[in-house]
file input_28.cif (mmCIF, C-alpha atoms)
data_input
#
loop_
_atom_site.label_atom_id
_atom_site.label_comp_id
_atom_site.auth_asym_id
_atom_site.auth_seq_id
_atom_site.Cartn_x
_atom_site.Cartn_y
_atom_site.Cartn_z
CA MET A 197 71.74 112.61 131.73
CA ASP A 198 69.60 109.72 132.97
CA ALA A 199 70.24 107.54 135.99
CA GLN A 200 71.89 104.82 133.94
CA ASP A 201 74.61 107.23 132.83
CA SER A 202 75.47 108.74 136.19
CA VAL A 203 77.87 106.01 137.29
CA ALA A 204 79.74 106.48 134.02
CA ALA A 205 79.86 110.21 134.69
CA ARG A 206 81.31 109.62 138.16
CA ILE A 207 84.01 107.42 136.71
CA ALA A 208 84.83 109.85 133.91
CA GLN A 209 85.03 112.84 136.27
CA GLN A 210 87.18 111.28 138.97
CA ARG A 211 90.65 112.56 139.77
CA PRO A 212 93.40 110.01 140.44
CA ARG A 213 94.98 109.36 143.80
CA VAL A 214 98.52 108.29 144.56
CA HIS A 215 99.42 105.21 146.57
CA ILE A 216 102.54 105.13 148.72
CA LEU A 217 103.73 101.54 149.19
CA THR A 218 104.29 101.25 152.90
CA GLY A 219 104.00 97.79 154.46
CA THR A 220 106.65 95.17 153.74
CA VAL A 221 104.69 92.54 155.68
CA CYS A 222 101.11 91.87 156.78
CA ASN A 223 99.87 90.37 160.04
CA ASN A 224 96.90 88.74 158.28
CA ASN A 225 97.02 85.85 155.81
CA CYS A 226 93.95 86.42 153.63
CA ILE A 227 93.00 83.63 151.26
CA PHE A 228 92.14 86.12 148.48
CA CYS A 229 95.15 88.45 148.77
CA MET A 230 96.25 89.88 145.43
CA GLU A 231 99.81 90.26 146.73
CA GLU A 232 100.70 86.58 146.62
CA ASP A 233 104.37 87.32 145.95
CA ARG A 234 105.20 88.28 149.53
CA ASP A 235 108.97 88.24 148.96
CA GLY A 236 108.65 90.53 145.95
CA ARG A 237 106.40 92.90 147.85
CA LYS A 238 108.87 93.06 150.71
CA VAL A 239 111.68 94.09 148.36
CA THR A 240 109.56 96.67 146.53
CA ASN A 241 107.94 98.26 149.56
CA ALA A 242 111.19 98.32 151.54
CA ALA A 243 112.49 100.69 148.86
CA THR A 244 110.07 103.40 150.04
CA THR A 245 112.18 105.95 151.92
CA ASP A 246 111.79 109.42 153.38
CA GLU A 247 113.31 110.75 150.16
CA SER A 248 110.90 108.94 147.83
CA VAL A 249 107.92 109.92 149.99
CA ARG A 250 109.07 113.54 149.95
CA TRP A 251 109.37 113.44 146.15
CA ILE A 252 105.87 111.96 145.76
CA LEU A 253 104.36 114.50 148.15
CA GLY A 254 105.96 117.27 146.14
CA ARG A 255 103.53 116.33 143.37
CA HIS A 256 100.46 115.81 145.51
CA SER A 257 98.55 118.55 143.69
CA ASP A 258 98.25 116.11 140.76
CA TYR A 259 96.15 113.81 142.92
CA GLU A 260 92.99 114.15 144.99
CA GLU A 261 94.27 111.88 147.75
CA VAL A 262 97.49 110.38 149.13
CA CYS A 263 96.91 106.83 150.36
CA PHE A 264 99.37 104.73 152.37
CA THR A 265 98.82 101.11 151.41
CA SER A 266 100.21 97.72 150.29
CA GLY A 267 101.06 95.07 152.82
CA GLU A 268 99.90 96.32 156.22
CA PRO A 269 100.99 99.98 156.61
CA THR A 270 100.80 99.95 160.40
CA THR A 271 103.70 97.46 160.52
CA ASN A 272 106.02 100.22 159.24
CA PRO A 273 107.48 102.35 162.06
CA ARG A 274 107.97 105.25 159.62
CA LEU A 275 104.22 105.58 158.97
CA PRO A 276 103.53 108.37 161.52
CA HIS A 277 106.48 110.36 160.16
CA TRP A 278 105.26 110.01 156.57
CA LEU A 279 101.74 111.05 157.58
CA ARG A 280 103.23 114.14 159.20
CA MET A 281 105.17 114.87 156.02
CA ALA A 282 101.93 114.67 154.03
CA LYS A 283 100.18 117.04 156.41
CA GLN A 284 103.04 119.51 156.24
CA ALA A 285 102.95 119.30 152.44
CA GLY A 286 99.33 120.47 152.52
CA VAL A 287 97.66 117.25 151.35
CA ARG A 288 93.87 117.51 151.75
CA TRP A 289 93.01 113.82 152.07
CA ILE A 290 95.57 111.61 153.80
CA SER A 291 94.32 108.04 153.92
CA MET A 292 95.36 104.50 154.77
CA MET A 293 94.22 101.03 153.71
CA THR A 294 94.59 98.77 156.72
CA ASN A 295 93.27 95.69 158.44
CA GLY A 296 92.67 97.99 161.41
CA ARG A 297 94.17 95.74 164.05
CA ALA A 298 96.75 98.25 165.27
CA LEU A 299 94.01 100.88 165.59
CA SER A 300 92.69 98.98 168.61
CA TYR A 301 95.49 100.68 170.58
CA GLU A 302 94.23 104.16 171.38
CA ALA A 303 97.65 105.78 171.81
CA TYR A 304 98.69 104.59 168.36
CA THR A 305 95.45 105.73 166.74
CA ARG A 306 95.77 109.15 168.33
CA ALA A 307 99.34 109.40 167.06
CA LEU A 308 98.26 108.67 163.48
CA LEU A 309 95.40 111.16 163.64
CA GLY A 310 97.64 113.79 165.17
CA ALA A 311 100.15 113.23 162.37
CA GLY A 312 97.49 113.99 159.75
CA LEU A 313 95.52 110.84 158.92
CA ASN A 314 91.93 111.82 158.09
CA ARG A 315 90.49 108.95 156.03
CA LEU A 316 90.50 105.23 156.73
CA TYR A 317 89.70 102.16 154.65
CA VAL A 318 89.50 99.21 157.06
CA SER A 319 89.30 95.66 155.70
CA ILE A 320 86.76 93.45 157.43
CA HIS A 321 85.21 90.45 155.71
CA GLY A 322 82.38 89.29 157.93
CA HIS A 323 80.16 90.18 160.84
CA THR A 324 81.25 87.21 162.93
CA GLN A 325 84.59 85.89 164.08
CA LYS A 326 84.09 82.62 162.23
CA LEU A 327 83.35 84.28 158.91
CA HIS A 328 86.09 86.92 159.08
CA GLU A 329 88.85 84.69 160.42
CA GLY A 330 87.95 81.90 158.01
CA LEU A 331 89.03 84.32 155.28
CA THR A 332 91.94 86.07 157.01
CA ARG A 333 93.21 82.74 158.39
CA THR A 334 94.47 84.65 161.42
CA PRO A 335 93.12 83.82 164.89
CA GLY A 336 92.24 86.88 166.94
CA SER A 337 92.07 89.19 163.92
CA PHE A 338 88.32 89.78 164.10
CA ALA A 339 88.29 91.13 167.65
CA GLN A 340 91.24 93.41 166.97
CA THR A 341 89.85 94.73 163.69
CA LEU A 342 86.46 95.42 165.24
CA ALA A 343 88.13 97.17 168.18
CA GLY A 344 90.07 99.24 165.65
CA ILE A 345 86.87 100.24 163.87
CA ASP A 346 85.26 101.19 167.16
CA MET A 347 88.32 103.23 168.12
CA ALA A 348 88.30 105.06 164.80
CA ALA A 349 84.56 105.75 165.08
CA ARG A 350 85.19 107.55 168.39
CA TYR A 351 87.31 110.11 166.53
CA LYS A 352 84.94 110.81 163.64
CA ARG A 353 83.84 113.94 165.48
CA HIS A 354 87.33 115.31 164.79
CA GLY A 355 86.89 114.94 161.03
CA LEU A 356 88.01 111.34 160.44
CA VAL A 357 86.15 109.60 157.60
CA LEU A 358 85.65 105.86 158.17
CA HIS A 359 85.06 103.42 155.33
CA THR A 360 85.31 99.65 155.34
CA SER A 361 86.23 97.19 152.61
CA THR A 362 84.67 93.74 152.50
CA VAL A 363 85.97 91.38 149.82
CA VAL A 364 83.02 89.43 148.43
CA THR A 365 83.46 85.65 148.45
CA LYS A 366 81.23 82.63 148.22
CA ARG A 367 81.34 82.46 152.01
CA ASN A 368 80.13 85.94 152.88
CA LEU A 369 77.88 86.59 149.86
CA PRO A 370 74.77 85.23 151.67
CA HIS A 371 75.40 87.68 154.54
CA LEU A 372 75.55 91.07 152.80
CA ALA A 373 72.64 92.53 154.79
CA ASP A 374 74.00 91.31 158.12
CA ILE A 375 77.49 92.63 157.38
CA TYR A 376 76.11 96.01 156.30
CA ALA A 377 73.88 96.43 159.36
CA PHE A 378 76.70 95.30 161.65
CA LEU A 379 79.22 97.78 160.26
CA ARG A 380 76.82 100.72 160.10
CA GLY A 381 75.99 99.96 163.72
CA HIS A 382 79.67 100.39 164.54
CA GLY A 383 79.81 103.86 163.00
CA VAL A 384 81.11 103.09 159.51
CA ASP A 385 80.30 105.87 156.99
CA GLN A 386 80.50 103.75 153.85
CA VAL A 387 80.45 99.97 153.51
CA VAL A 388 82.27 98.97 150.34
CA PHE A 389 81.85 95.47 148.95
CA ASN A 390 84.87 94.76 146.79
CA VAL A 391 84.53 92.05 144.19
CA MET A 392 87.77 90.07 144.00
CA GLN A 393 90.31 90.70 141.31
CA ALA A 394 91.13 87.33 139.78
CA ASN A 395 94.83 87.62 140.56
CA GLY A 396 97.21 86.31 143.21
CA ARG A 397 95.59 84.04 145.75
CA ALA A 398 92.13 84.88 144.40
CA ASN A 399 93.22 83.08 141.24
CA THR A 400 94.88 80.23 143.13
CA TYR A 401 91.71 79.54 145.14
CA PHE A 402 89.28 80.78 142.49
CA ASP A 403 86.98 77.75 142.42
CA GLN A 404 86.61 77.68 146.19
CA ILE A 405 85.91 81.35 146.86
CA PHE A 406 84.98 83.36 143.73
CA PRO A 407 81.20 83.67 143.08
CA THR A 408 80.09 84.60 139.59
CA TYR A 409 79.33 88.22 138.81
CA THR A 410 75.73 87.25 138.14
CA GLU A 411 75.44 85.70 141.60
CA ILE A 412 76.95 88.78 143.21
CA ALA A 413 74.62 91.14 141.35
CA ALA A 414 71.56 89.09 142.31
CA ALA A 415 72.56 89.00 145.98
CA ALA A 416 73.30 92.73 145.93
CA GLN A 417 69.90 93.50 144.40
CA ALA A 418 68.10 91.39 147.02
CA PHE A 419 70.02 93.05 149.86
CA LEU A 420 69.49 96.60 148.60
CA SER A 421 65.80 96.03 147.87
CA ALA A 422 65.18 94.95 151.45
CA CYS A 423 67.52 97.42 153.13
CA PRO A 424 65.55 99.82 155.37
CA GLU A 425 68.16 102.58 154.94
CA ARG A 426 67.55 104.59 151.77
CA PRO A 427 69.85 105.14 150.12
CA ALA A 428 72.01 102.45 151.61
CA GLN A 429 75.59 103.58 152.09
CA ALA A 430 76.80 100.37 150.46
CA PHE A 431 78.81 100.29 147.27
CA PHE A 432 79.65 97.37 144.98
CA VAL A 433 83.03 97.84 143.36
CA ASP A 434 84.98 96.11 140.58
CA ILE A 435 82.07 94.29 138.99
CA PRO A 436 81.36 94.87 135.27
CA LEU A 437 78.65 97.51 134.89
CA CYS A 438 76.72 95.40 132.39
CA THR A 439 75.95 92.93 135.20
CA THR A 440 74.65 95.55 137.66
CA THR A 441 71.98 97.36 135.65
CA GLN A 442 69.31 96.28 138.17
CA LEU A 443 71.08 97.97 141.09
CA PRO A 444 70.30 101.52 142.18
CA ASP A 445 72.83 103.75 140.49
CA HIS A 446 73.88 105.20 143.84
CA ASN A 447 75.21 101.81 144.91
CA ARG A 448 77.20 101.06 141.76
CA GLY A 449 80.79 101.83 142.67
CA TYR A 450 84.09 101.65 140.85
CA VAL A 451 87.78 101.17 141.54
CA GLU A 452 89.45 104.56 141.81
CA ASP A 453 92.11 105.59 139.36
CA TYR A 454 95.50 105.63 141.04
CA ALA A 455 99.23 105.49 140.47
CA HIS A 456 102.19 104.42 142.58
CA PHE A 457 105.96 104.69 142.28
CA GLU A 458 108.49 101.91 142.76
CA PRO A 459 112.03 100.98 141.69
CA PRO A 460 112.41 99.34 138.26
CA ASN A 461 111.91 95.57 138.26
CA PRO A 462 111.09 92.81 135.73
CA GLY A 463 107.36 93.19 136.42
CA HIS A 464 107.40 96.47 134.53
CA ASP A 465 107.25 94.69 131.20
CA ILE A 466 103.53 95.54 131.26
CA VAL A 467 104.49 99.19 130.66
CA ALA A 468 104.95 99.88 126.94
CA ASP A 469 107.25 102.92 127.24
CA LEU A 470 109.16 102.51 130.46
CA GLU A 471 111.41 105.53 129.97
CA SER A 472 108.42 107.86 129.77
CA ARG A 473 107.44 106.67 133.27
CA ARG A 474 110.77 107.40 134.95
CA ALA A 475 110.28 109.36 138.15
CA GLY A 476 112.02 110.32 141.36
CA GLU A 477 114.75 112.83 142.06
CA HIS A 478 117.27 110.91 139.97
CA GLY A 479 115.02 108.76 137.79
CA GLU A 480 115.28 105.89 140.27
CA LEU A 481 111.51 105.24 140.30
CA VAL A 482 108.91 104.14 137.79
CA GLN A 483 105.30 105.29 137.74
CA ILE A 484 102.85 102.39 137.60
CA ARG A 485 99.19 103.10 136.91
CA ARG A 486 96.28 100.88 137.78
CA SER A 487 95.38 100.77 134.10
CA ASP A 488 98.73 99.10 133.32
CA LEU A 489 97.67 95.96 135.13
CA ASP A 490 94.10 96.22 133.88
CA ASP A 491 95.12 96.60 130.25
CA SER A 492 97.29 93.49 130.44
CA ALA A 493 94.91 91.29 132.45
CA ARG A 494 91.40 92.42 131.48
CA HIS A 495 89.72 91.82 128.16
CA LYS A 496 86.85 92.97 125.98
CA ARG A 497 85.19 91.39 122.97
CA PRO A 498 83.95 93.22 119.86
CA GLU A 499 80.38 93.34 121.19
CA CYS A 500 81.57 95.49 124.09
CA ALA A 501 81.97 98.40 121.69
CA THR A 502 78.16 98.59 121.44
CA CYS A 503 77.70 98.96 125.22
CA ARG A 504 76.85 102.36 126.68
CA HIS A 505 79.48 101.75 129.37
CA ASP A 506 82.29 100.86 126.98
CA ARG A 507 84.25 104.09 127.44
CA VAL A 508 84.53 103.62 131.22
CA CYS A 509 84.48 99.82 131.46
CA GLU A 510 87.85 98.17 131.94
CA GLY A 511 86.76 94.76 130.73
CA VAL A 512 86.72 91.36 132.43
CA TRP A 513 89.63 89.61 134.10
CA GLY A 514 91.17 87.00 131.82
CA ASN A 515 91.40 84.52 134.70
CA TYR A 516 87.64 84.89 135.19
CA LEU A 517 86.87 84.43 131.50
CA ARG A 518 88.91 81.24 131.37
CA ARG A 519 86.51 79.72 133.89
CA HIS A 520 83.17 81.21 132.87
CA GLY A 521 83.44 82.70 129.39
CA TRP A 522 81.31 85.58 128.10
CA ALA A 523 77.79 84.18 128.57
CA GLU A 524 76.78 86.41 131.48
CA PHE A 525 77.91 89.69 129.87
CA THR A 526 75.36 91.45 127.68
CA PRO A 527 76.12 94.92 126.26
CA VAL A 528 73.80 97.61 127.61
CA ALA A 529 72.03 99.22 124.66
#

call {"tool": "encode", "arguments": {"input": "input_28.cif", "output": "structure tokens"}}
result
Amino acid sequence: MDAQDSVAARIAQQRPRVHILTGTVCNNNCIFCMEEDRDGRKVTNAATTDESVRWILGRHSDYEEVCFTSGEPTTNPRLPHWLRMAKQAGVRWISMMTNGRALSYEAYTRALLGAGLNRLYVSIHGHTQKLHEGLTRTPGSFAQTLAGIDMAARYKRHGLVLHTSTVVTKRNLPHLADIYAFLRGHGVDQVVFNVMQANGRANTYFDQIFPTYTEIAAAAQAFLSACPERPAQAFFVDIPLCTTTQLPDHNRGYVEDYAHFEPPNPGHDIVADLESRRAGEHGELVQIRRSDLDDSARHKRPECATCRHDRVCEGVWGNYLRRHGWAEFTPVA
């Protein structure tokens, strides 16, 4: 297997993780948030109960990781209890996707870690207050998030793994190197640059904030070529592999395979056989996979079948193609 194939091998060999929908609200107001339907999210995530969490955890052996996410998990007072349930169930990796603001309070962070949390994904979108808060549209969020990262870094010696997630926009694209150096300097293990999914607010404000994949790949190549740390612990995620062939394979990331469970709702029309996805103690839940959304919103063209990455590539977002077409996508021979 040559270097070009190794990212495909990593994708093909991954095990899925399960997401537990936790936060009914969020204390940030990010311009690119995929969850634009805040009222719908509140209804769906409020349906997560001790009973549904217990049922999901009873199947944790099917997944490599249990991740508490959606909305802002730290706004849910049941979070420490659910983390403790996961630990008692024997889950190896218990993680959370968060804006990190609540982690600035040491007593709260210690409570989460004591309950079982051992992996963090903290969202931070710039290395300065102006850059970060221009995207979160929430005054004071930068200082709190950074304090949360610093607090988490203090507890890495106890086994906590600390990753960050930076959504790539037109505003922060010129600052990849500065953001990376800043976050590594604050103890972050992996700096993940997430390319926006062209849904929700990212679609609403597409023209203002969404750089082209070609622009992102070029900026990533320039940053990685000049980065003094080799290999850089930076990963570019959710960008078609055909546009990143010039990047070191180590830095070509991917969106993990995952599933979540929620009550039936009209949005499940993207699932072909809904009855086969019934879950929960009494069939009151539906399993939704990441691929369900991808299959309905991403597209390929016939030429994609000739690409060496075709079997692991999920295609291109339809909302992106409507703006830019197929010109920048060339199958890798």

call {"tool": "resolve_selection", "arguments": {"input": "input_28.cif", "expression": "the PyMOL selection byres ((chain A and resi 518) around 12)", "output": "VMD selection string"}}
result
chain A and resid 394 399 402 to 403 493 to 495 512 to 517 519 to 523

call {"tool": "residues_around", "arguments": {"input": "input_28.cif", "residues": "stretch 239-255 of chain A", "least_positions_apart": "5", "cutoff": "8 Å", "atoms": "all atoms listed in the file", "output": "compact mmCIF listing (two decimals) with C-alpha atoms, keeping the file's coordinate frame"}}
result
# COMPACT_ATOMS: atom_id res chain seq x y z
CA ILE A 216 102.54 105.13 148.72
CA LEU A 217 103.73 101.54 149.19
CA THR A 218 104.29 101.25 152.90
CA GLY A 219 104.00 97.79 154.46
CA THR A 220 106.65 95.17 153.74
CA SER A 266 100.21 97.72 150.29
CA TRP A 278 105.26 110.01 156.57
CA MET A 281 105.17 114.87 156.02
CA ALA A 282 101.93 114.67 154.03
CA ALA A 285 102.95 119.30 152.44
CA VAL A 287 97.66 117.25 151.35
CA GLU A 458 108.49 101.91 142.76
CA PRO A 459 112.03 100.98 141.69
CA GLY A 476 112.02 110.32 141.36
CA GLU A 477 114.75 112.83 142.06

call {"tool": "residues_around", "arguments": {"input": "input_28.cif", "residues": "A:Asp258", "least_positions_apart": "4", "cutoff": "9 Å", "atoms": "only C-alpha atoms", "output": "PyMOL selection string"}}
result
chain A and resi 211-214

call {"tool": "closest_residue", "arguments": {"input": "input_28.cif", "among": "A:Phe228, A:Glu452, A:Pro335, A:Thr441", "to": "A:Gln210", "atoms": "all atoms listed in the file"}}
result
A:Glu452

call {"tool": "closest_residue", "arguments": {"input": "input_28.cif", "among": "A:Gln386, A:Thr360, A:Thr502, A:Thr334", "to": "A:Thr526", "atoms": "all atoms listed in the file"}}
result
A:Thr502

call {"tool": "closest_residue", "arguments": {"input": "input_28.cif", "among": "A:Leu275, A:Met392, A:Ala208, A:Ile345", "to": "A:Ser300", "atoms": "all atoms listed in the file"}}
result
A:Ile345

call {"tool": "closest_residue", "arguments": {"input": "input_28.cif", "among": "A:Leu279, A:Ala343, A:Cys263, A:Ala430", "to": "A:Glu302", "atoms": "only C-alpha atoms"}}
result
A:Ala343

call {"tool": "closest_residue", "arguments": {"input": "input_28.cif", "among": "A:His478, A:Arg333, A:His371, A:Arg448", "to": "A:Ile227", "atoms": "all atoms listed in the file"}}
result
A:Arg333
